[in-house]
$ cat run-v3.txt   # compact mmCIF, C-alpha atoms
# COMPACT_ATOMS: atom_id res chain seq x y z
CA MET A 18 -16.96 -162.15 -92.94
CA PRO A 19 -16.56 -159.21 -90.53
CA ALA A 20 -16.44 -155.83 -92.15
CA VAL A 21 -13.00 -154.41 -91.39
CA PRO A 22 -12.87 -150.96 -92.91
CA SER A 23 -9.69 -150.17 -94.76
CA PRO A 24 -7.77 -146.96 -94.00
CA HIS A 25 -8.70 -145.84 -97.47
CA SER A 26 -12.43 -146.11 -96.95
CA HIS A 27 -11.99 -144.37 -93.59
CA MET A 28 -10.52 -141.45 -95.46
CA LEU A 29 -13.36 -141.43 -97.95
CA LEU A 30 -15.87 -141.54 -95.13
CA ARG A 31 -14.16 -138.58 -93.49
CA ILE A 32 -14.17 -136.56 -96.68
CA PHE A 33 -17.81 -137.42 -97.18
CA THR A 34 -18.71 -136.39 -93.63
CA ALA A 35 -16.69 -133.20 -93.93
CA LEU A 36 -18.51 -132.30 -97.15
CA VAL A 37 -21.91 -132.84 -95.54
CA ALA A 38 -20.84 -130.90 -92.45
CA ALA A 39 -19.53 -127.99 -94.51
CA TRP A 40 -22.72 -127.87 -96.54
CA LEU A 41 -24.87 -127.95 -93.40
CA ALA A 42 -22.76 -125.19 -91.86
CA LEU A 43 -23.24 -123.01 -94.94
CA VAL A 44 -26.94 -123.72 -94.94
CA SER A 45 -27.49 -122.89 -91.30
CA ILE A 46 -25.60 -119.58 -91.09
CA PRO A 47 -27.96 -117.39 -89.10
CA SER A 48 -28.84 -114.07 -90.61
CA GLN A 49 -29.34 -111.07 -88.40
CA ALA A 50 -31.73 -108.19 -88.89
CA GLU A 51 -33.77 -108.03 -92.08
CA TYR A 52 -31.95 -106.44 -95.00
CA ALA A 53 -32.25 -102.64 -94.87
CA ASP A 54 -33.69 -102.38 -91.37
CA VAL A 55 -32.79 -98.88 -90.18
CA VAL A 56 -32.10 -97.96 -86.56
CA LEU A 57 -32.89 -94.36 -85.60
CA ASN A 58 -31.18 -93.43 -82.39
CA ARG A 59 -29.75 -89.98 -82.72
CA ARG A 60 -32.33 -88.56 -80.34
CA ALA A 61 -34.44 -91.45 -79.05
CA GLU A 62 -32.37 -92.73 -76.14
CA LYS A 63 -31.21 -89.28 -75.10
CA GLU A 64 -34.87 -88.41 -74.73
CA GLY A 65 -35.63 -91.55 -72.75
CA VAL A 66 -37.25 -93.87 -75.28
CA ARG A 67 -36.01 -96.96 -77.09
CA PRO A 68 -34.37 -96.55 -80.50
CA VAL A 69 -36.71 -96.72 -83.51
CA ILE A 70 -36.47 -99.67 -85.86
CA PHE A 71 -37.67 -98.87 -89.34
CA PRO A 72 -38.23 -102.01 -91.44
CA HIS A 73 -37.90 -101.24 -95.14
CA TRP A 74 -39.34 -104.65 -96.07
CA PHE A 75 -42.62 -103.98 -94.26
CA HIS A 76 -43.07 -100.59 -95.85
CA ARG A 77 -42.12 -101.52 -99.40
CA MET A 78 -44.73 -104.25 -99.45
CA ARG A 79 -47.31 -101.49 -99.03
CA PHE A 80 -45.76 -98.36 -100.53
CA ARG A 81 -43.38 -97.78 -103.40
CA CYS A 82 -40.05 -96.13 -102.62
CA LYS A 83 -41.30 -92.89 -104.16
CA VAL A 84 -44.00 -92.37 -101.55
CA CYS A 85 -41.51 -91.82 -98.73
CA HIS A 86 -38.47 -90.78 -100.72
CA SER A 87 -40.29 -88.27 -102.91
CA GLU A 88 -43.65 -87.28 -101.45
CA LEU A 89 -42.65 -87.49 -97.79
CA GLY A 90 -39.19 -86.05 -98.37
CA PHE A 91 -36.98 -88.70 -96.81
CA LYS A 92 -33.47 -88.45 -98.21
CA MET A 93 -32.05 -91.73 -99.44
CA ARG A 94 -29.19 -91.88 -96.98
CA ALA A 95 -29.29 -93.39 -93.51
CA GLY A 96 -28.54 -90.57 -91.07
CA ALA A 97 -29.46 -87.78 -93.47
CA ASN A 98 -32.98 -87.25 -92.11
CA ASP A 99 -33.27 -85.30 -88.90
CA VAL A 100 -36.80 -86.15 -87.82
CA THR A 101 -38.24 -85.06 -84.50
CA MET A 102 -41.35 -86.29 -82.73
CA ALA A 103 -42.79 -82.79 -83.16
CA ASP A 104 -42.47 -83.12 -86.96
CA ILE A 105 -44.28 -86.44 -86.86
CA ILE A 106 -47.12 -85.09 -84.75
CA ASP A 107 -47.32 -82.17 -87.19
CA GLY A 108 -47.90 -84.67 -89.99
CA LYS A 109 -44.47 -84.49 -91.55
CA PHE A 110 -42.22 -87.46 -92.44
CA CYS A 111 -43.59 -90.61 -90.66
CA GLY A 112 -46.56 -88.51 -89.59
CA MET A 113 -47.89 -88.34 -93.16
CA CYS A 114 -49.16 -91.90 -92.64
CA HIS A 115 -48.69 -92.58 -88.92
CA ASN A 116 -51.67 -90.45 -88.01
CA ASP A 117 -54.22 -93.08 -86.92
CA GLN A 118 -55.71 -92.95 -90.42
CA ILE A 119 -53.34 -94.73 -92.78
CA ALA A 120 -51.24 -96.30 -90.02
CA TRP A 121 -51.07 -96.25 -86.24
CA GLY A 122 -50.63 -92.81 -84.73
CA ALA A 123 -47.86 -91.26 -82.70
CA ALA A 124 -49.30 -92.35 -79.35
CA ASN A 125 -48.30 -95.96 -80.00
CA CYS A 126 -44.74 -95.36 -78.80
CA ASP A 127 -43.76 -99.01 -78.35
CA LEU A 128 -44.52 -100.03 -81.90
CA CYS A 129 -41.86 -97.82 -83.49
CA HIS A 130 -39.60 -97.32 -80.47
CA SER A 131 -38.97 -101.04 -80.23
CA GLY A 132 -35.17 -101.34 -80.40
CA LYS A 133 -32.66 -102.60 -77.87
CA LYS A 134 -30.93 -99.98 -75.76
CA GLY A 135 -27.59 -98.81 -77.06
CA LEU A 136 -28.06 -99.65 -80.73
CA PRO A 137 -26.03 -97.25 -82.86
CA PRO A 138 -28.04 -95.53 -85.61
CA GLY A 139 -27.57 -96.82 -89.13
CA ILE A 140 -28.68 -99.39 -91.64
CA TYR A 141 -28.63 -103.06 -90.65
CA GLY A 142 -29.34 -106.43 -92.11
CA GLY A 143 -26.06 -107.61 -93.57
CA ALA A 144 -25.67 -105.47 -96.65
CA SER A 145 -22.78 -107.10 -98.42
CA THR A 146 -21.04 -104.04 -99.77
CA THR A 147 -19.26 -101.10 -98.27
CA GLY A 148 -22.04 -98.88 -99.56
CA PRO A 149 -24.44 -97.07 -97.29
CA GLY A 150 -25.31 -100.50 -95.96
CA LYS A 151 -22.11 -100.61 -93.94
CA TRP A 152 -22.59 -97.27 -92.26
CA MET B 4 -15.80 -158.37 -99.84
CA SER B 5 -16.09 -155.65 -97.24
CA MET B 6 -13.28 -153.28 -98.16
CA GLN B 7 -14.03 -152.98 -101.82
CA TRP B 8 -17.74 -152.97 -101.23
CA GLN B 9 -17.52 -150.16 -98.69
CA ARG B 10 -15.32 -148.14 -100.97
CA ARG B 11 -17.74 -148.56 -103.80
CA VAL B 12 -20.69 -147.53 -101.65
CA LEU B 13 -18.85 -144.45 -100.44
CA GLN B 14 -17.81 -143.53 -103.95
CA ARG B 15 -21.37 -143.82 -105.16
CA LEU B 16 -22.62 -141.81 -102.21
CA SER B 17 -20.10 -139.08 -102.97
CA ILE B 18 -21.08 -139.02 -106.62
CA ALA B 19 -24.74 -138.90 -105.66
CA LEU B 20 -24.12 -136.03 -103.24
CA VAL B 21 -22.15 -134.02 -105.77
CA THR B 22 -24.84 -134.66 -108.39
CA VAL B 23 -27.67 -133.66 -106.09
CA LEU B 24 -25.88 -130.46 -105.11
CA ALA B 25 -24.22 -129.44 -108.34
CA LEU B 26 -26.48 -130.59 -111.14
CA PRO B 27 -29.46 -128.31 -110.40
CA ALA B 28 -27.02 -125.41 -110.12
CA ALA B 29 -25.63 -126.28 -113.53
CA VAL B 30 -29.15 -126.44 -114.95
CA TYR B 31 -30.10 -123.10 -113.42
CA ALA B 32 -26.97 -121.59 -114.93
CA GLN B 33 -28.39 -122.38 -118.38
CA ILE B 34 -31.58 -120.41 -117.77
CA PRO B 35 -30.79 -116.79 -118.62
CA GLY B 36 -33.03 -115.07 -116.10
CA LEU B 37 -31.74 -117.17 -113.25
CA GLN B 38 -28.06 -116.98 -114.05
CA PRO B 39 -27.02 -114.18 -111.73
CA THR B 40 -28.91 -115.54 -108.75
CA GLN B 41 -27.62 -119.08 -108.87
CA ARG B 42 -25.38 -120.03 -106.03
CA PRO B 43 -22.88 -122.81 -105.45
CA LEU B 44 -24.10 -125.87 -103.59
CA ASN B 45 -27.72 -124.87 -104.07
CA LEU B 46 -27.96 -122.90 -100.89
CA PRO B 47 -31.54 -122.67 -99.80
CA TYR B 48 -33.25 -119.31 -99.93
CA PRO B 49 -32.73 -117.22 -96.81
CA VAL B 50 -35.37 -117.63 -94.14
CA GLN B 51 -36.46 -114.56 -92.24
CA LEU B 52 -35.74 -114.51 -88.50
CA GLN B 53 -38.33 -113.72 -85.89
CA LEU B 54 -38.31 -110.12 -84.70
CA SER B 55 -37.42 -111.28 -81.18
CA LYS B 56 -34.29 -112.97 -82.56
CA ASP B 57 -33.11 -110.36 -85.04
CA GLY B 58 -30.69 -108.70 -82.64
CA LEU B 59 -32.44 -105.34 -82.95
CA HIS B 60 -35.78 -105.59 -81.21
CA ASP B 61 -36.05 -105.30 -77.44
CA THR B 62 -37.68 -108.55 -76.35
CA ALA B 63 -38.85 -106.90 -73.12
CA ASN B 64 -41.13 -104.67 -75.20
CA SER B 65 -44.59 -106.20 -75.29
CA GLY B 66 -45.29 -104.04 -78.35
CA ILE B 67 -43.33 -106.32 -80.68
CA LYS B 68 -46.16 -108.86 -80.54
CA MET B 69 -48.22 -106.32 -82.48
CA LEU B 70 -45.67 -106.06 -85.28
CA GLN B 71 -45.83 -108.19 -88.39
CA GLU B 72 -43.20 -110.93 -88.46
CA PRO B 73 -40.96 -110.78 -91.55
CA ARG B 74 -41.68 -114.39 -92.38
CA GLU B 75 -45.40 -113.83 -92.33
CA GLY B 76 -45.10 -110.88 -94.67
CA LEU B 77 -42.40 -112.13 -97.02
CA ALA B 78 -42.78 -115.91 -97.20
CA HIS B 79 -45.37 -115.84 -99.98
CA LEU B 80 -43.44 -113.41 -102.20
CA PRO B 81 -41.25 -114.56 -105.12
CA LYS B 82 -37.94 -115.72 -103.71
CA ASP B 83 -34.41 -114.52 -104.27
CA TYR B 84 -31.04 -115.19 -102.64
CA PRO B 85 -29.68 -111.84 -101.52
CA GLY B 86 -31.24 -109.19 -99.33
CA ASN B 87 -34.58 -110.03 -97.79
CA GLY B 88 -34.79 -113.21 -99.82
CA VAL B 89 -37.45 -111.56 -101.96
CA ASN B 90 -37.44 -110.78 -105.66
CA TRP B 91 -39.16 -107.42 -105.23
CA VAL B 92 -39.30 -106.54 -108.92
CA LYS B 93 -41.06 -109.80 -109.70
CA ALA B 94 -43.36 -109.44 -106.70
CA LEU B 95 -44.51 -106.09 -108.08
CA ARG B 96 -44.72 -107.18 -111.71
CA ASP B 97 -46.70 -110.34 -110.87
CA GLY B 98 -49.06 -108.32 -108.70
CA VAL B 99 -48.27 -110.35 -105.58
CA ILE B 100 -47.93 -107.00 -103.83
CA GLN B 101 -49.73 -103.81 -104.81
CA PRO B 102 -47.82 -101.09 -103.00
CA ARG B 103 -49.37 -97.64 -103.20
CA THR B 104 -47.85 -95.22 -105.69
CA ASN B 105 -48.79 -92.05 -103.85
CA ILE B 106 -50.39 -90.53 -100.76
CA LEU B 107 -51.07 -87.09 -102.16
CA PRO B 108 -53.77 -87.17 -104.84
CA GLU B 109 -51.98 -84.61 -107.01
CA THR B 110 -48.76 -86.59 -107.37
CA LYS B 111 -47.99 -87.44 -110.97
CA ILE B 112 -47.03 -91.08 -111.49
CA GLU B 113 -44.55 -91.62 -114.29
CA VAL B 114 -43.22 -94.92 -115.55
CA LEU B 115 -40.59 -94.76 -118.27
CA ASP B 116 -39.83 -97.80 -120.40
CA LEU B 117 -36.38 -96.95 -121.69
CA ASP B 118 -33.24 -99.05 -121.46
CA ILE B 119 -29.89 -97.29 -121.22
CA LEU B 120 -26.70 -99.08 -122.25
CA LEU B 121 -23.58 -98.10 -120.33
CA SER B 122 -20.68 -99.31 -122.39
CA ASN B 123 -17.72 -97.85 -120.50
CA THR B 124 -17.31 -100.87 -118.21
CA GLY B 125 -13.77 -102.03 -118.90
CA GLU B 126 -13.51 -105.81 -119.10
CA MET B 127 -16.92 -106.39 -117.58
CA PRO B 128 -20.03 -106.95 -119.66
CA MET B 129 -21.84 -103.70 -120.39
CA VAL B 130 -24.51 -102.43 -118.03
CA LEU B 131 -28.06 -102.36 -119.27
CA PHE B 132 -30.05 -99.98 -117.08
CA PRO B 133 -33.81 -100.51 -117.32
CA HIS B 134 -35.84 -97.41 -116.47
CA ARG B 135 -39.08 -99.38 -116.23
CA GLN B 136 -38.20 -101.47 -113.15
CA HIS B 137 -36.74 -98.40 -111.49
CA THR B 138 -39.58 -95.99 -112.21
CA GLU B 139 -42.19 -98.47 -111.05
CA TRP B 140 -40.68 -98.06 -107.59
CA LEU B 141 -39.06 -94.63 -107.71
CA ASP B 142 -39.88 -91.11 -108.79
CA CYS B 143 -37.77 -89.50 -111.54
CA SER B 144 -36.63 -86.91 -109.01
CA ASN B 145 -35.08 -89.56 -106.79
CA CYS B 146 -32.25 -89.91 -109.32
CA HIS B 147 -32.58 -86.92 -111.70
CA ASP B 148 -30.72 -84.70 -111.49
CA ARG B 149 -29.65 -85.29 -107.92
CA ILE B 150 -27.57 -88.42 -108.65
CA PHE B 151 -27.60 -88.84 -112.42
CA ALA B 152 -27.79 -86.26 -115.19
CA LYS B 153 -30.78 -86.66 -117.47
CA LYS B 154 -28.62 -86.33 -120.55
CA LYS B 155 -26.86 -89.51 -121.62
CA GLY B 156 -23.15 -89.24 -120.92
CA GLY B 157 -23.74 -86.23 -118.67
CA THR B 158 -23.04 -88.04 -115.38
CA LYS B 159 -19.49 -87.50 -114.19
CA GLY B 160 -17.56 -89.76 -111.85
CA LEU B 161 -19.68 -92.89 -112.17
CA ASN B 162 -17.42 -95.86 -111.59
CA MET B 163 -17.48 -99.03 -109.52
CA PHE B 164 -15.33 -97.54 -106.75
CA ALA B 165 -17.86 -94.78 -106.20
CA VAL B 166 -20.73 -97.26 -106.37
CA LEU B 167 -19.06 -99.48 -103.75
CA GLN B 168 -18.68 -96.40 -101.55
CA GLY B 169 -22.42 -95.90 -101.64
CA GLU B 170 -22.58 -93.25 -104.35
CA PHE B 171 -24.65 -93.40 -107.57
CA CYS B 172 -26.27 -96.87 -107.91
CA GLY B 173 -24.79 -97.71 -104.51
CA GLN B 174 -27.21 -95.35 -102.77
CA CYS B 175 -29.80 -98.11 -103.08
CA HIS B 176 -27.93 -101.19 -104.34
CA GLY B 177 -26.11 -102.56 -101.34
CA ALA B 178 -28.42 -100.85 -98.87
CA VAL B 179 -32.01 -101.65 -99.80
CA ALA B 180 -32.03 -102.93 -103.39
CA PHE B 181 -30.12 -106.06 -104.41
CA PRO B 182 -26.51 -105.81 -103.26
CA LEU B 183 -23.38 -105.21 -105.31
CA THR B 184 -22.36 -108.84 -105.10
CA GLU B 185 -24.85 -109.57 -107.90
CA CYS B 186 -22.51 -108.36 -110.66
CA ASN B 187 -24.30 -109.96 -113.59
CA ARG B 188 -27.67 -108.46 -112.87
CA CYS B 189 -26.37 -105.07 -114.00
CA HIS B 190 -23.41 -106.16 -116.12
CA SER B 191 -25.68 -108.18 -118.31
CA LYS B 192 -24.70 -107.27 -121.89
CA PRO B 193 -21.61 -109.08 -123.18
CA ARG B 194 -19.48 -107.15 -125.64
CA LYS B 195 -19.64 -108.73 -129.06
$ encode --input "run-v3.txt" --output "structure tokens"
Amino acid sequence: MPAVPSPHSHMLLRIFTALVAAWLALVSIPSQAEYADVVLNRRAEKEGVRPVIFPHWFHRMRFRCKVCHSELGFKMRAGANDVTMADIIDGKFCGMCHNDQIAWGAANCDLCHSGKKGLPPGIYGGASTTGPGKW
Amino acid sequence: MSMQWQRRVLQRLSIALVTVLALPAAVYAQIPGLQPTQRPLNLPYPVQLQLSKDGLHDTANSGIKMLQEPREGLAHLPKDYPGNGVNWVKALRDGVIQPRTNILPETKIEVLDLDILLSNTGEMPMVLFPHRQHTEWLDCSNCHDRIFAKKKGGTKGLNMFAVLQGEFCGQCHGAVAFPLTECNRCHSKPRK
């Protein structure tokens, strides 16, 4: 006996396919930058280098928040820290560690200045609130 | 034969699909520690993108080959749904990561094990604030007295609107710590 599908089972099949498709779509939503990646570009591009990308995830695997936000003096607000290359070379801010002893030194421009041209400064990575994450 | 048989197969497939997707979620919902992180349809944990595909890094820069890929760094850490897909508090507590507490030798490291109950939360469950998890990462001076008064009840203007605007808890939660979509992680104490 040939299998003639009824309109009803067609409908069920469609619903079933739609469910699977919706689930797959939800599953495969691409994320963007890593949560809490910070782009520093108030000075960088004006001075002819790429914007800086600061990955919080990389640093917090190795240092607790308090190291940078207390000892190094970084304020906990994207855009609130006005850091110049001269400060860093003097051993302030990033330069407390990026001194060729704890981490790579200031001569390795491309490792920090690694962002795309034209990126506005701020915090990236799909923060889901209107907090500082959406700045 | 065919019509009824097909219908039955499809029905069973649908039931199986719903069971596979929904049942583990229902089970997770019964485990207290997992409750706030459970998600509908058992979404898989987020997978970190390559630096060259994250929309930020300049792919023309040969320097990015020197940088650690997020997946390489984070894949072995305890998993979570929001943020980086990492349960950072657990990663620290389990010793999977041993981040340094200080650079300067004279820095005093303080960890305070004191829970604070915030009961003025309207219809929501009360907020239980654990100092321990916070002080393992942060210095007292990061919050006191810049954001929060040391004295209980001394902080003025703390409400969810301010938090959602990035004030108070929102300085970190929603930016770098777990986001404000995870209501139950803070609002964890039901009113009796």
$ interface_residues --input "run-v3.txt" --of "chain B" --to "chain A" --cutoff "6 Å" --atoms "all atoms listed in the file" --output "number ranges by chain"
B: 5-6, 10, 57, 59-61, 66, 86-87, 102-105, 140-142, 167-169, 173, 177-179
$ residues_near_point --input "run-v3.txt" --point "(-35.2, -102.7, -111.4)" --cutoff "10 Å" --atoms "only C-alpha atoms" --output "PyMOL selection string"
chain B and resi 91-93+132-141+180-181+188-189
$ write_last_selection --input "run-v3.txt" --atoms "C-alpha atoms" --output "PDB file, keeping the file's coordinate frame"
ATOM      1  CA  TRP B  91     -39.160-107.420-105.230  1.00  0.00           C
ATOM      2  CA  VAL B  92     -39.300-106.540-108.920  1.00  0.00           C
ATOM      3  CA  LYS B  93     -41.060-109.800-109.700  1.00  0.00           C
ATOM      4  CA  PHE B 132     -30.050 -99.980-117.080  1.00  0.00           C
ATOM      5  CA  PRO B 133     -33.810-100.510-117.320  1.00  0.00           C
ATOM      6  CA  HIS B 134     -35.840 -97.410-116.470  1.00  0.00           C
ATOM      7  CA  ARG B 135     -39.080 -99.380-116.230  1.00  0.00           C
ATOM      8  CA  GLN B 136     -38.200-101.470-113.150  1.00  0.00           C
ATOM      9  CA  HIS B 137     -36.740 -98.400-111.490  1.00  0.00           C
ATOM     10  CA  THR B 138     -39.580 -95.990-112.210  1.00  0.00           C
ATOM     11  CA  GLU B 139     -42.190 -98.470-111.050  1.00  0.00           C
ATOM     12  CA  TRP B 140     -40.680 -98.060-107.590  1.00  0.00           C
ATOM     13  CA  LEU B 141     -39.060 -94.630-107.710  1.00  0.00           C
ATOM     14  CA  ALA B 180     -32.030-102.930-103.390  1.00  0.00           C
ATOM     15  CA  PHE B 181     -30.120-106.060-104.410  1.00  0.00           C
ATOM     16  CA  ARG B 188     -27.670-108.460-112.870  1.00  0.00           C
ATOM     17  CA  CYS B 189     -26.370-105.070-114.000  1.00  0.00           C
TER      18      CYS B 189
END
$ axis_aligned_box --input "run-v3.txt" --around "region 28-40 of chain A" --padding-each-side "8 Å" --output "JSON"
{"center_x": -16.6, "center_y": -134.7, "center_z": -95.2, "size_x": 28.2, "size_y": 29.7, "size_z": 21.5}
$ build_atoms --input "run-v3.txt" --residues "region 92-106 of chain A" --atoms "N, CA and C atoms" --output "mmCIF file, in the coordinates of the input"
data_model
loop_
_atom_site.group_PDB
_atom_site.id
_atom_site.type_symbol
_atom_site.label_atom_id
_atom_site.label_comp_id
_atom_site.auth_asym_id
_atom_site.auth_seq_id
_atom_site.Cartn_x
_atom_site.Cartn_y
_atom_site.Cartn_z
ATOM 1 N N LYS A 92 -34.659 -88.308 -97.368
ATOM 2 C CA LYS A 92 -33.470 -88.450 -98.210
ATOM 3 C C LYS A 92 -33.006 -89.898 -98.199
ATOM 4 N N MET A 93 -32.429 -90.325 -99.307
ATOM 5 C CA MET A 93 -32.050 -91.730 -99.440
ATOM 6 C C MET A 93 -30.650 -91.976 -98.879
ATOM 7 N N ARG A 94 -30.503 -91.706 -97.604
ATOM 8 C CA ARG A 94 -29.190 -91.880 -96.980
ATOM 9 C C ARG A 94 -29.449 -92.037 -95.482
ATOM 10 N N ALA A 95 -29.076 -93.190 -94.941
ATOM 11 C CA ALA A 95 -29.290 -93.390 -93.510
ATOM 12 C C ALA A 95 -28.520 -92.318 -92.736
ATOM 13 N N GLY A 96 -29.187 -91.616 -91.848
ATOM 14 C CA GLY A 96 -28.540 -90.570 -91.070
ATOM 15 C C GLY A 96 -28.734 -89.181 -91.628
ATOM 16 N N ALA A 97 -29.323 -89.098 -92.834
ATOM 17 C CA ALA A 97 -29.460 -87.780 -93.470
ATOM 18 C C ALA A 97 -30.785 -87.105 -93.110
ATOM 19 N N ASN A 98 -31.661 -87.806 -92.409
ATOM 20 C CA ASN A 98 -32.980 -87.250 -92.110
ATOM 21 C C ASN A 98 -33.089 -86.960 -90.621
ATOM 22 N N ASP A 99 -33.195 -85.706 -90.297
ATOM 23 C CA ASP A 99 -33.270 -85.300 -88.900
ATOM 24 C C ASP A 99 -34.742 -85.115 -88.543
ATOM 25 N N VAL A 100 -35.354 -86.164 -88.057
ATOM 26 C CA VAL A 100 -36.800 -86.150 -87.820
ATOM 27 C C VAL A 100 -37.058 -86.087 -86.320
ATOM 28 N N THR A 101 -37.891 -85.141 -85.915
ATOM 29 C CA THR A 101 -38.240 -85.060 -84.500
ATOM 30 C C THR A 101 -39.675 -85.538 -84.312
ATOM 31 N N MET A 102 -39.995 -85.862 -83.066
ATOM 32 C CA MET A 102 -41.350 -86.290 -82.730
ATOM 33 C C MET A 102 -42.352 -85.165 -83.050
ATOM 34 N N ALA A 103 -41.905 -83.916 -82.868
ATOM 35 C CA ALA A 103 -42.790 -82.790 -83.160
ATOM 36 C C ALA A 103 -43.164 -82.753 -84.644
ATOM 37 N N ASP A 104 -42.189 -83.036 -85.507
ATOM 38 C CA ASP A 104 -42.470 -83.120 -86.960
ATOM 39 C C ASP A 104 -43.541 -84.161 -87.225
ATOM 40 N N ILE A 105 -43.376 -85.317 -86.581
ATOM 41 C CA ILE A 105 -44.280 -86.440 -86.860
ATOM 42 C C ILE A 105 -45.703 -86.093 -86.422
ATOM 43 N N ILE A 106 -45.795 -85.478 -85.240
ATOM 44 C CA ILE A 106 -47.120 -85.090 -84.750
ATOM 45 C C ILE A 106 -47.736 -84.015 -85.644
#
